[in-house]
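A.B. asks: Shown below is the structure under consideration.
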Amino acid sequence: MSLQIVRSVAELRAVLRPVRLSERSIGLVPTMGAFHDGHRSLMQRAAECNDLVVVSLFVNPTQFGRDEDLSKYPRNEARDAAIAEAAGVDVLFAPPVEEVYPDGHATSISVGGVTDSLEGAHRPGHFDGVATVVAKLFNMVQPDVAYFGQKDAQQALVIRKLVRDLDIPVRVEICPTVREADGLAMSSRNAYLDDHDRIQAVALRRALDAAERVVERGERDAEQVSAAARAVLAEHAIEPEYVALVGPETLTPVQRVDGEVLMALAARVGPARLIDNTILSAPDATPEPAA
Ligand code: AMP
């Protein structure tokens, strides 16, 4: 089946109705377009596991702050459609803003708890915009499974909480972060980087690497692990917005790296605001030396 581009909710429902009636599974990949291999990996995973794949392409204005990059956000629907088709996507749902937020739209969903820290603290209102649009997309598409990237670790937790708290009948699958050859996490916002910024941007992954290395060598103190990452950022003249070690489910700060800890960071590089994360993993207890 070749890719079908759909603009309205009514048309989307008409296309999906026979699929649902014949009990074929529907996978959804929500995106803002400007596709890269990270998006492609989610589409391929969805295509592997479902009878029909819907990708939504919607640059959601309500998740951008007033001073953020909404008007500059990269857009190229023709290129995106070609990538989606090659990845095995059946339906590209690319509605205009008025279709998603018609005049008089006045409802917003606010997920509590996991939105307080990290991105939530630095981008007020961002996750209300994300939760609201994703809930709407879930209602429009009614997918069996929805695919998100670990690159946006906090967003993934917000979506899981949204689904749990509102009893939305969708399974959420989180896929690994896809990276450039030098380690930079793929992001549509990497398009803002010039050659100099691009070199500097690798520091984010290197900072996470440095943290992983000190944990491997036995460091457990969160301050020290964070300091190792900050030192790498400083070497590359990057001042982070945050470098945080938090519980991977709660996102509350930890003092020590025991078991699994999410290390997340955000920094401005040139005109781009970039985020990245890794799971630091330390055995809970030092194993007994072999007899
Ligand atoms: P976006 O278009 O940036 O809103 O991203 C759409 C989906 O792709 C989200 O679930 C992101 O977490 C995911 N994503 C973005 N970048 C990557 C990446 N480098 N690797 C894996 N998933 C990604």
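By convention in this document, the chains of the structure tokens carry letters A, B, ... by their order, each chain's residues are numbered from 1, and ligands are numbered from 1 in the order they are shown.
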Produce a table with one row for each residue of region 221-280 of chain A that has an atom at most 12 Å from any atom of region 138-162 of chain A, each row naming the nearest atom pair and its distance in Å at one decimal; use only C-alpha atoms; arrange rows by chain and rising residue number; format as a tab-separated table.
C.D. replies:
residue	atom	partner	partner_atom	distance
A:Ala244	CA	A:Gln154	CA	12.0
A:Val246	CA	A:Gln154	CA	10.8
A:Gly247	CA	A:Gln154	CA	11.1
A:Pro248	CA	A:Ala153	CA	8.7
A:Glu249	CA	A:Leu157	CA	7.1
A:Thr250	CA	A:Leu157	CA	8.6
A:Leu251	CA	A:Gln154	CA	7.9
A:Thr252	CA	A:Gln154	CA	11.5
A:Leu262	CA	A:Ala153	CA	8.7
A:Met263	CA	A:Ala153	CA	9.9
A:Ala264	CA	A:Ala153	CA	8.2
A:Leu265	CA	A:Ala153	CA	10.7
A:Ala266	CA	A:Asp152	CA	11.0
A:Leu274	CA	A:Lys151	CA	10.4
A:Ile275	CA	A:Lys151	CA	7.7
A:Asp276	CA	A:Lys151	CA	6.1
A:Asn277	CA	A:Lys151	CA	6.7
A:Thr278	CA	A:Lys151	CA	8.7
A:Ile279	CA	A:Ala153	CA	10.0
A.B. asks: Report as a PyMOL selection string all protein, DNA and RNA residues lying within 12 Å of region 225-230 of chain A, evaluated on only C-alpha atoms, omitting residues in the same chain fewer than 2 positions from it.
C.D. replies: chain A and resi 203-223+232-246+253-257+261-267+277-278+280
A.B. asks: Show me a table, sorted first by chain and then by increasing residue number, of the residues of chain A having an atom at most 10 Å from ligand 1, each with its shortest atom pair and the distance in Å to one decimal, counting only C-alpha atoms and all ligand atoms and written as JSON lines.
C.D. replies:
{"residue": "A:Val29", "atom": "CA", "partner": "ligand 1", "partner_atom_place_in_ligand_line": "7 (C)", "distance": 6.9}
{"residue": "A:Pro30", "atom": "CA", "partner": "ligand 1", "partner_atom_place_in_ligand_line": "6 (C)", "distance": 5.8}
{"residue": "A:Thr31", "atom": "CA", "partner": "ligand 1", "partner_atom_place_in_ligand_line": "2 (O)", "distance": 3.8}
{"residue": "A:Met32", "atom": "CA", "partner": "ligand 1", "partner_atom_place_in_ligand_line": "2 (O)", "distance": 3.7}
{"residue": "A:Gly33", "atom": "CA", "partner": "ligand 1", "partner_atom_place_in_ligand_line": "2 (O)", "distance": 5.1}
{"residue": "A:Ala34", "atom": "CA", "partner": "ligand 1", "partner_atom_place_in_ligand_line": "2 (O)", "distance": 6.9}
{"residue": "A:Phe35", "atom": "CA", "partner": "ligand 1", "partner_atom_place_in_ligand_line": "2 (O)", "distance": 7.1}
{"residue": "A:His36", "atom": "CA", "partner": "ligand 1", "partner_atom_place_in_ligand_line": "16 (N)", "distance": 7.6}
{"residue": "A:Asp37", "atom": "CA", "partner": "ligand 1", "partner_atom_place_in_ligand_line": "19 (N)", "distance": 7.0}
{"residue": "A:Gly38", "atom": "CA", "partner": "ligand 1", "partner_atom_place_in_ligand_line": "20 (N)", "distance": 3.6}
{"residue": "A:His39", "atom": "CA", "partner": "ligand 1", "partner_atom_place_in_ligand_line": "8 (O)", "distance": 4.8}
{"residue": "A:Arg40", "atom": "CA", "partner": "ligand 1", "partner_atom_place_in_ligand_line": "22 (N)", "distance": 8.3}
{"residue": "A:Ser41", "atom": "CA", "partner": "ligand 1", "partner_atom_place_in_ligand_line": "21 (C)", "distance": 6.8}
{"residue": "A:Leu42", "atom": "CA", "partner": "ligand 1", "partner_atom_place_in_ligand_line": "22 (N)", "distance": 6.6}
{"residue": "A:Met43", "atom": "CA", "partner": "ligand 1", "partner_atom_place_in_ligand_line": "8 (O)", "distance": 9.2}
{"residue": "A:Val55", "atom": "CA", "partner": "ligand 1", "partner_atom_place_in_ligand_line": "6 (C)", "distance": 9.6}
{"residue": "A:Ser56", "atom": "CA", "partner": "ligand 1", "partner_atom_place_in_ligand_line": "6 (C)", "distance": 9.2}
{"residue": "A:Leu57", "atom": "CA", "partner": "ligand 1", "partner_atom_place_in_ligand_line": "2 (O)", "distance": 7.8}
{"residue": "A:Phe58", "atom": "CA", "partner": "ligand 1", "partner_atom_place_in_ligand_line": "2 (O)", "distance": 8.4}
{"residue": "A:Val59", "atom": "CA", "partner": "ligand 1", "partner_atom_place_in_ligand_line": "4 (O)", "distance": 8.0}
{"residue": "A:Asn60", "atom": "CA", "partner": "ligand 1", "partner_atom_place_in_ligand_line": "4 (O)", "distance": 8.9}
{"residue": "A:Val130", "atom": "CA", "partner": "ligand 1", "partner_atom_place_in_ligand_line": "4 (O)", "distance": 9.2}
{"residue": "A:Ala146", "atom": "CA", "partner": "ligand 1", "partner_atom_place_in_ligand_line": "10 (O)", "distance": 9.0}
{"residue": "A:Tyr147", "atom": "CA", "partner": "ligand 1", "partner_atom_place_in_ligand_line": "10 (O)", "distance": 6.4}
{"residue": "A:Phe148", "atom": "CA", "partner": "ligand 1", "partner_atom_place_in_ligand_line": "10 (O)", "distance": 3.2}
{"residue": "A:Gly149", "atom": "CA", "partner": "ligand 1", "partner_atom_place_in_ligand_line": "12 (O)", "distance": 3.3}
{"residue": "A:Gln150", "atom": "CA", "partner": "ligand 1", "partner_atom_place_in_ligand_line": "12 (O)", "distance": 5.7}
{"residue": "A:Lys151", "atom": "CA", "partner": "ligand 1", "partner_atom_place_in_ligand_line": "12 (O)", "distance": 5.0}
{"residue": "A:Asp152", "atom": "CA", "partner": "ligand 1", "partner_atom_place_in_ligand_line": "12 (O)", "distance": 4.5}
{"residue": "A:Ala153", "atom": "CA", "partner": "ligand 1", "partner_atom_place_in_ligand_line": "12 (O)", "distance": 7.3}
{"residue": "A:Gln154", "atom": "CA", "partner": "ligand 1", "partner_atom_place_in_ligand_line": "12 (O)", "distance": 9.3}
{"residue": "A:Gln155", "atom": "CA", "partner": "ligand 1", "partner_atom_place_in_ligand_line": "12 (O)", "distance": 7.3}
{"residue": "A:Ala156", "atom": "CA", "partner": "ligand 1", "partner_atom_place_in_ligand_line": "12 (O)", "distance": 7.3}
{"residue": "A:Ile159", "atom": "CA", "partner": "ligand 1", "partner_atom_place_in_ligand_line": "10 (O)", "distance": 9.8}
{"residue": "A:Glu173", "atom": "CA", "partner": "ligand 1", "partner_atom_place_in_ligand_line": "10 (O)", "distance": 9.6}
{"residue": "A:Ile174", "atom": "CA", "partner": "ligand 1", "partner_atom_place_in_ligand_line": "10 (O)", "distance": 7.8}
{"residue": "A:Cys175", "atom": "CA", "partner": "ligand 1", "partner_atom_place_in_ligand_line": "21 (C)", "distance": 6.1}
{"residue": "A:Pro176", "atom": "CA", "partner": "ligand 1", "partner_atom_place_in_ligand_line": "21 (C)", "distance": 5.5}
{"residue": "A:Thr177", "atom": "CA", "partner": "ligand 1", "partner_atom_place_in_ligand_line": "20 (N)", "distance": 3.5}
{"residue": "A:Val178", "atom": "CA", "partner": "ligand 1", "partner_atom_place_in_ligand_line": "20 (N)", "distance": 3.8}
{"residue": "A:Arg179", "atom": "CA", "partner": "ligand 1", "partner_atom_place_in_ligand_line": "19 (N)", "distance": 5.6}
{"residue": "A:Glu180", "atom": "CA", "partner": "ligand 1", "partner_atom_place_in_ligand_line": "19 (N)", "distance": 8.4}
{"residue": "A:Leu184", "atom": "CA", "partner": "ligand 1", "partner_atom_place_in_ligand_line": "19 (N)", "distance": 8.4}
{"residue": "A:Ala185", "atom": "CA", "partner": "ligand 1", "partner_atom_place_in_ligand_line": "19 (N)", "distance": 4.8}
{"residue": "A:Met186", "atom": "CA", "partner": "ligand 1", "partner_atom_place_in_ligand_line": "19 (N)", "distance": 3.7}
{"residue": "A:Ser187", "atom": "CA", "partner": "ligand 1", "partner_atom_place_in_ligand_line": "16 (N)", "distance": 4.8}
{"residue": "A:Ser188", "atom": "CA", "partner": "ligand 1", "partner_atom_place_in_ligand_line": "3 (O)", "distance": 6.0}
{"residue": "A:Arg189", "atom": "CA", "partner": "ligand 1", "partner_atom_place_in_ligand_line": "3 (O)", "distance": 8.0}
{"residue": "A:Ile275", "atom": "CA", "partner": "ligand 1", "partner_atom_place_in_ligand_line": "16 (N)", "distance": 9.9}
{"residue": "A:Asp276", "atom": "CA", "partner": "ligand 1", "partner_atom_place_in_ligand_line": "19 (N)", "distance": 9.0}
A.B. asks: Among region 10-215 of chain A, which ones does DSSP assign to strand (DSSP E or B) (computed from the backbone)? Answer as an NGL selection string.
C.D. replies: :A and (26-31 or 52-57 or 91-93 or 145-149 or 171-175 or 179 or 185)
A.B. asks: If I take CA of Ser8 (chain A) and CA of Asp165 (chain A), how far is one from the other in Å, to one decimal?
C.D. replies: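 So the answer is 27.8 Å.
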A.B. asks: Write out as a compact mmCIF listing (two decimals) with N, CA and C atoms, in the first residue's frame all residues of region 34-239 of chain A that DSSP puts in helix (DSSP H, G or I) for this structure's backbone.
C.D. replies:
# COMPACT_ATOMS: atom_id res chain seq x y z
N ASP A 37 16.92 9.78 11.23
CA ASP A 37 16.92 8.33 11.47
C ASP A 37 16.26 7.94 12.80
N GLY A 38 16.18 8.87 13.74
CA GLY A 38 15.46 8.59 14.99
C GLY A 38 13.99 8.35 14.68
N HIS A 39 13.39 9.27 13.92
CA HIS A 39 11.98 9.09 13.50
C HIS A 39 11.83 7.78 12.70
N ARG A 40 12.78 7.59 11.79
CA ARG A 40 12.71 6.43 10.91
C ARG A 40 12.70 5.12 11.73
N SER A 41 13.50 5.09 12.81
CA SER A 41 13.56 3.86 13.61
C SER A 41 12.20 3.59 14.27
N LEU A 42 11.52 4.65 14.71
CA LEU A 42 10.19 4.45 15.32
C LEU A 42 9.21 3.94 14.27
N MET A 43 9.28 4.52 13.06
CA MET A 43 8.36 4.09 11.99
C MET A 43 8.60 2.63 11.62
N GLN A 44 9.88 2.27 11.53
CA GLN A 44 10.20 0.88 11.14
C GLN A 44 9.73 -0.10 12.21
N ARG A 45 9.93 0.28 13.46
CA ARG A 45 9.47 -0.58 14.56
C ARG A 45 7.94 -0.72 14.50
N ALA A 46 7.25 0.38 14.27
CA ALA A 46 5.79 0.36 14.19
C ALA A 46 5.34 -0.53 13.02
N ALA A 47 6.06 -0.44 11.90
CA ALA A 47 5.68 -1.21 10.71
C ALA A 47 5.91 -2.71 10.93
N GLU A 48 6.99 -3.01 11.67
CA GLU A 48 7.29 -4.42 11.97
C GLU A 48 6.18 -5.06 12.81
N CYS A 49 5.59 -4.27 13.70
CA CYS A 49 4.74 -4.85 14.76
C CYS A 49 3.26 -4.62 14.54
N PRO A 61 1.77 24.02 18.13
CA PRO A 61 2.13 25.33 18.67
C PRO A 61 2.05 25.42 20.19
N THR A 62 1.15 24.62 20.81
CA THR A 62 0.95 24.79 22.25
C THR A 62 2.09 24.22 23.10
N GLN A 63 3.02 23.51 22.48
CA GLN A 63 4.14 23.02 23.29
C GLN A 63 5.39 23.88 23.15
N GLU A 77 7.44 18.84 4.18
CA GLU A 77 6.49 17.73 4.16
C GLU A 77 6.76 16.74 3.03
N ALA A 78 7.18 17.26 1.87
CA ALA A 78 7.39 16.36 0.73
C ALA A 78 8.51 15.36 1.05
N ARG A 79 9.60 15.89 1.63
CA ARG A 79 10.71 15.00 2.00
C ARG A 79 10.25 14.02 3.08
N ASP A 80 9.52 14.52 4.07
CA ASP A 80 9.04 13.66 5.15
C ASP A 80 8.15 12.54 4.61
N ALA A 81 7.29 12.89 3.66
CA ALA A 81 6.36 11.88 3.11
C ALA A 81 7.15 10.77 2.42
N ALA A 82 8.21 11.15 1.70
CA ALA A 82 9.02 10.15 1.00
C ALA A 82 9.71 9.22 2.01
N ILE A 83 10.22 9.81 3.09
CA ILE A 83 10.90 9.00 4.12
C ILE A 83 9.90 8.06 4.79
N ALA A 84 8.72 8.59 5.09
CA ALA A 84 7.70 7.78 5.77
C ALA A 84 7.29 6.60 4.87
N GLU A 85 7.08 6.89 3.61
CA GLU A 85 6.66 5.82 2.69
C GLU A 85 7.71 4.72 2.63
N ALA A 86 8.98 5.15 2.51
CA ALA A 86 10.07 4.15 2.43
C ALA A 86 10.17 3.33 3.72
N VAL A 97 -3.31 23.57 11.63
CA VAL A 97 -3.51 23.92 13.05
C VAL A 97 -5.00 24.01 13.38
N GLU A 98 -5.82 24.58 12.47
CA GLU A 98 -7.26 24.77 12.77
C GLU A 98 -7.99 23.44 12.93
N GLU A 99 -7.45 22.38 12.35
CA GLU A 99 -8.11 21.07 12.48
C GLU A 99 -7.90 20.51 13.91
N VAL A 100 -6.74 20.81 14.46
CA VAL A 100 -6.43 20.30 15.80
C VAL A 100 -6.97 21.23 16.88
N LEU A 118 13.40 19.21 35.41
CA LEU A 118 14.07 19.12 34.10
C LEU A 118 13.39 20.01 33.05
N GLU A 119 12.92 19.41 31.95
CA GLU A 119 12.30 20.20 30.88
C GLU A 119 11.08 20.97 31.39
N GLY A 120 10.32 20.33 32.28
CA GLY A 120 9.11 20.98 32.82
C GLY A 120 9.46 22.27 33.55
N ALA A 121 10.57 22.24 34.28
CA ALA A 121 10.97 23.43 35.03
C ALA A 121 11.51 24.52 34.11
N HIS A 122 12.14 24.12 33.01
CA HIS A 122 12.76 25.11 32.11
C HIS A 122 11.84 25.57 30.99
N HIS A 126 5.16 23.55 28.56
CA HIS A 126 5.53 22.65 27.46
C HIS A 126 4.79 21.31 27.55
N PHE A 127 4.82 20.69 28.73
CA PHE A 127 4.23 19.35 28.83
C PHE A 127 2.70 19.37 28.81
N ASP A 128 2.09 20.52 29.18
CA ASP A 128 0.63 20.62 29.01
C ASP A 128 0.32 20.54 27.51
N GLY A 129 1.14 21.22 26.72
CA GLY A 129 0.95 21.19 25.26
C GLY A 129 1.15 19.80 24.71
N VAL A 130 2.19 19.12 25.21
CA VAL A 130 2.49 17.76 24.73
C VAL A 130 1.37 16.81 25.14
N ALA A 131 0.98 16.84 26.42
CA ALA A 131 -0.02 15.88 26.92
C ALA A 131 -1.35 16.10 26.19
N THR A 132 -1.70 17.35 25.96
CA THR A 132 -2.98 17.64 25.32
C THR A 132 -2.98 17.15 23.88
N VAL A 133 -1.92 17.45 23.13
CA VAL A 133 -1.92 17.05 21.72
C VAL A 133 -1.82 15.53 21.59
N VAL A 134 -1.06 14.90 22.47
CA VAL A 134 -0.92 13.43 22.38
C VAL A 134 -2.25 12.76 22.76
N ALA A 135 -2.94 13.29 23.77
CA ALA A 135 -4.25 12.73 24.12
C ALA A 135 -5.21 12.88 22.94
N LYS A 136 -5.16 14.04 22.28
CA LYS A 136 -6.02 14.25 21.11
C LYS A 136 -5.66 13.27 19.98
N LEU A 137 -4.38 13.10 19.74
CA LEU A 137 -3.95 12.17 18.68
C LEU A 137 -4.38 10.75 19.02
N PHE A 138 -4.29 10.38 20.31
CA PHE A 138 -4.74 9.04 20.71
C PHE A 138 -6.24 8.88 20.44
N ASN A 139 -7.02 9.93 20.69
CA ASN A 139 -8.46 9.85 20.42
C ASN A 139 -8.76 9.86 18.93
N MET A 140 -7.98 10.58 18.17
CA MET A 140 -8.22 10.66 16.72
C MET A 140 -7.88 9.33 16.04
N VAL A 141 -6.75 8.75 16.44
CA VAL A 141 -6.24 7.55 15.75
C VAL A 141 -6.70 6.27 16.45
N GLN A 150 13.36 7.41 23.48
CA GLN A 150 14.03 7.61 24.77
C GLN A 150 14.81 8.93 24.79
N LYS A 151 15.13 9.45 23.62
CA LYS A 151 15.80 10.75 23.52
C LYS A 151 15.08 11.80 24.37
N ASP A 152 13.73 11.75 24.34
CA ASP A 152 12.92 12.65 25.14
C ASP A 152 12.40 11.86 26.35
N ALA A 153 13.33 11.57 27.26
CA ALA A 153 13.03 10.62 28.35
C ALA A 153 11.88 11.11 29.23
N GLN A 154 11.89 12.41 29.53
CA GLN A 154 10.82 12.91 30.40
C GLN A 154 9.48 12.87 29.68
N GLN A 155 9.49 13.21 28.41
CA GLN A 155 8.25 13.14 27.62
C GLN A 155 7.68 11.71 27.65
N ALA A 156 8.56 10.73 27.53
CA ALA A 156 8.11 9.33 27.55
C ALA A 156 7.39 9.02 28.86
N LEU A 157 7.96 9.51 29.97
CA LEU A 157 7.31 9.27 31.28
C LEU A 157 5.98 10.00 31.38
N VAL A 158 5.94 11.20 30.83
CA VAL A 158 4.69 11.99 30.86
C VAL A 158 3.60 11.24 30.09
N ILE A 159 3.95 10.68 28.96
CA ILE A 159 2.96 9.97 28.14
C ILE A 159 2.49 8.70 28.87
N ARG A 160 3.44 7.99 29.47
CA ARG A 160 3.05 6.79 30.22
C ARG A 160 2.08 7.14 31.34
N LYS A 161 2.36 8.25 32.03
CA LYS A 161 1.51 8.67 33.15
C LYS A 161 0.14 9.11 32.62
N LEU A 162 0.13 9.84 31.52
CA LEU A 162 -1.12 10.27 30.89
C LEU A 162 -2.02 9.07 30.59
N VAL A 163 -1.41 8.06 30.00
CA VAL A 163 -2.16 6.87 29.58
C VAL A 163 -2.70 6.12 30.80
N ARG A 164 -1.86 6.03 31.83
CA ARG A 164 -2.27 5.33 33.04
C ARG A 164 -3.37 6.10 33.76
N ASP A 165 -3.15 7.40 33.94
CA ASP A 165 -4.09 8.20 34.75
C ASP A 165 -5.44 8.36 34.06
N SER A 188 15.70 17.07 15.15
CA SER A 188 15.35 18.01 14.08
C SER A 188 16.05 19.35 14.32
N ARG A 189 16.30 19.66 15.59
CA ARG A 189 16.94 20.95 15.92
C ARG A 189 18.43 20.97 15.58
N ASN A 190 19.04 19.81 15.27
CA ASN A 190 20.44 19.82 14.84
C ASN A 190 20.61 20.62 13.55
N ALA A 191 19.51 20.80 12.81
CA ALA A 191 19.57 21.58 11.57
C ALA A 191 19.97 23.03 11.84
N TYR A 192 19.80 23.50 13.08
CA TYR A 192 20.16 24.89 13.41
C TYR A 192 21.66 25.07 13.59
N ASP A 195 28.80 24.68 11.34
CA ASP A 195 29.91 23.71 11.47
C ASP A 195 30.56 23.79 12.85
N HIS A 196 30.73 25.00 13.34
CA HIS A 196 31.36 25.19 14.65
C HIS A 196 30.46 24.62 15.76
N ASP A 197 29.17 24.96 15.69
CA ASP A 197 28.22 24.46 16.71
C ASP A 197 28.18 22.93 16.69
N ARG A 198 28.25 22.39 15.47
CA ARG A 198 28.11 20.94 15.31
C ARG A 198 29.21 20.20 16.05
N ILE A 199 30.43 20.77 15.99
CA ILE A 199 31.57 20.16 16.69
C ILE A 199 31.36 20.28 18.20
N GLN A 200 30.89 21.47 18.61
CA GLN A 200 30.66 21.72 20.03
C GLN A 200 29.57 20.78 20.60
N ALA A 201 28.59 20.50 19.76
CA ALA A 201 27.42 19.75 20.23
C ALA A 201 27.75 18.32 20.67
N VAL A 202 28.85 17.79 20.14
CA VAL A 202 29.25 16.42 20.52
C VAL A 202 29.55 16.34 22.01
N ALA A 203 29.83 17.49 22.62
CA ALA A 203 30.16 17.51 24.04
C ALA A 203 29.04 16.94 24.89
N LEU A 204 27.81 17.05 24.45
CA LEU A 204 26.70 16.52 25.27
C LEU A 204 26.86 15.01 25.47
N ARG A 205 27.09 14.31 24.36
CA ARG A 205 27.28 12.85 24.47
C ARG A 205 28.56 12.53 25.23
N ARG A 206 29.61 13.34 24.96
CA ARG A 206 30.89 13.08 25.67
C ARG A 206 30.73 13.27 27.17
N ALA A 207 29.90 14.22 27.56
CA ALA A 207 29.66 14.46 29.00
C ALA A 207 28.97 13.25 29.61
N LEU A 208 28.00 12.69 28.89
CA LEU A 208 27.31 11.49 29.39
C LEU A 208 28.29 10.31 29.46
N ASP A 209 29.15 10.22 28.42
CA ASP A 209 30.18 9.16 28.42
C ASP A 209 31.08 9.27 29.66
N ALA A 210 31.50 10.51 29.96
CA ALA A 210 32.41 10.72 31.10
C ALA A 210 31.72 10.27 32.39
N ALA A 211 30.43 10.58 32.51
CA ALA A 211 29.69 10.17 33.71
C ALA A 211 29.62 8.64 33.78
N GLU A 212 29.35 8.02 32.64
CA GLU A 212 29.29 6.54 32.63
C GLU A 212 30.62 5.95 33.06
N ARG A 213 31.71 6.57 32.58
CA ARG A 213 33.04 6.02 32.91
C ARG A 213 33.34 6.12 34.41
N VAL A 214 33.02 7.27 35.02
CA VAL A 214 33.33 7.37 36.46
C VAL A 214 32.46 6.41 37.28
N VAL A 215 31.25 6.17 36.81
CA VAL A 215 30.38 5.20 37.52
C VAL A 215 30.97 3.79 37.37
N GLU A 216 31.44 3.49 36.16
CA GLU A 216 32.08 2.17 35.93
C GLU A 216 33.28 1.97 36.85
N ALA A 222 26.45 11.28 43.51
CA ALA A 222 25.82 11.96 42.37
C ALA A 222 26.52 13.27 42.02
N GLU A 223 26.95 14.01 43.06
CA GLU A 223 27.64 15.28 42.82
C GLU A 223 28.91 15.08 42.00
N GLN A 224 29.65 14.02 42.36
CA GLN A 224 30.92 13.73 41.66
C GLN A 224 30.66 13.29 40.22
N VAL A 225 29.63 12.49 40.04
CA VAL A 225 29.31 12.01 38.69
C VAL A 225 28.89 13.20 37.83
N SER A 226 28.06 14.05 38.40
CA SER A 226 27.61 15.24 37.70
C SER A 226 28.81 16.14 37.36
N ALA A 227 29.76 16.25 38.31
CA ALA A 227 30.95 17.09 38.09
C ALA A 227 31.76 16.58 36.90
N ALA A 228 31.84 15.26 36.74
CA ALA A 228 32.60 14.70 35.61
C ALA A 228 31.98 15.13 34.29
N ALA A 229 30.65 15.14 34.24
CA ALA A 229 29.95 15.56 33.01
C ALA A 229 30.12 17.06 32.79
N ARG A 230 29.96 17.82 33.86
CA ARG A 230 30.07 19.28 33.74
C ARG A 230 31.46 19.70 33.25
N ALA A 231 32.49 18.94 33.70
CA ALA A 231 33.87 19.27 33.30
C ALA A 231 34.01 19.15 31.78
N VAL A 232 33.42 18.12 31.21
CA VAL A 232 33.50 17.93 29.75
C VAL A 232 32.76 19.07 29.04
N LEU A 233 31.60 19.43 29.55
CA LEU A 233 30.85 20.53 28.93
C LEU A 233 31.68 21.82 29.00
N ALA A 234 32.30 22.05 30.16
CA ALA A 234 33.10 23.27 30.33
C ALA A 234 34.27 23.29 29.34
N GLU A 235 34.91 22.13 29.15
CA GLU A 235 36.03 22.05 28.17
C GLU A 235 35.58 22.51 26.79
A.B. asks: Identify, on the basis of only C-alpha atoms, every residue whose closest approach to region 2-6 of chain A does not exceed 7 Å; exclude the query and any residue fewer than 4 positions from it along the same chain; express the result as a ChimeraX atom specification.
C.D. replies: /A:11-12,85,89-94
